[in-house]
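Student: Dropping a structure here in structure tokens format, bear with me for questions.
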Amino acid sequence: LAYSAGHIRGSVNIRCNTIVRRRAKGSVSLDQILAGDEEVKARLKAGLYSAVILYDERTPHADSVKDDSTITLVLNALCRDAFGTDTYLLKGGYDRFYSEYPEFCL
């Protein structure tokens with residue numbers, strides 16, 4: 001729902017809802033969170049992205065991310081399944097990015 005309300009231009013929606021999390025029992029895969037986006041999934045697995053930037057609505061910094069959060073589950077999946085891709089967390093999330101760069105948001 002948050003992605004459809006507004007997102008950064010060129011971003012890809014990660015689907016990690018309650019049902020996916022419950023079925024995953026603490027660990028998700030790229031196949032689960034990128035279901036239906038075969039091109040992005042294949043590019044990640046092949047190492048064709050040099051970097052991925054994760055963001056949610058408003059996480060202030062990496063130290064505030066909880067071990068069982070969606071961001072952590074997605075980060076673990078990327079570290080495990082995405083070959084040679086550096087992963088970053090957008091400080092302040094979408095809310096801060098939008099407040100500073102609304103022209104890059106949809």
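Lettering and numbering for the structure tokens are positional, with chains as A, B, ... in the shown order, residues counted from 1 in each chain, and ligands counted from 1 in the shown order.
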Taking the DSSP secondary structure from the backbone, can you list the residues of chain A that are alpha helix (DSSP H), as a VMD selection string?
Tutor: chain A and resid 2 to 5 18 to 24 30 to 33 38 to 45 70 to 81 93 to 100
Student: Pick out the residues sitting within 6 Å of Gly92 in chain A, and hand them over as an MDAnalysis selection string; count only C-alpha atoms, and ignore anything fewer than 2 positions along from it in its own chain.
Tutor: chainID A and resid 58:60 96
Student: Which of chain A end up as strand (DSSP E or B) when DSSP is run on this backbone - answer as number ranges by chain?
Tutor: A: 8, 51-54, 86-89, 105
Student: Residues as selected, C-alpha atoms, written as a tab-separated table (two decimals), in the first residue's frame, can you do that?
Tutor:
```
chain	number	residue	atom	x	y	z
A	8	ILE	CA	11.03	6.94	-5.73
A	51	ALA	CA	24.05	-1.43	-5.68
A	52	VAL	CA	20.58	-1.66	-4.18
A	53	ILE	CA	19.14	1.00	-1.91
A	54	LEU	CA	16.51	-0.21	0.53
A	86	ASP	CA	26.22	-3.66	-2.41
A	87	THR	CA	23.16	-2.90	-0.31
A	88	TYR	CA	22.43	0.43	1.40
A	89	LEU	CA	19.67	1.78	3.61
A	105	CYS	CA	9.15	10.79	-6.52
```
Student: Determine, counting only C-alpha atoms, which protein, DNA and RNA residues have an atom within 8 Å of an atom of range 41-50 of chain A; residues of the same chain fewer than 4 positions away are not included. Present the result as a list in words.
Tutor: Leu30, Asp31, Leu34, Asp37, Asp81, Ala82, Phe83, Gly84, Thr85 and Asp86 of chain A
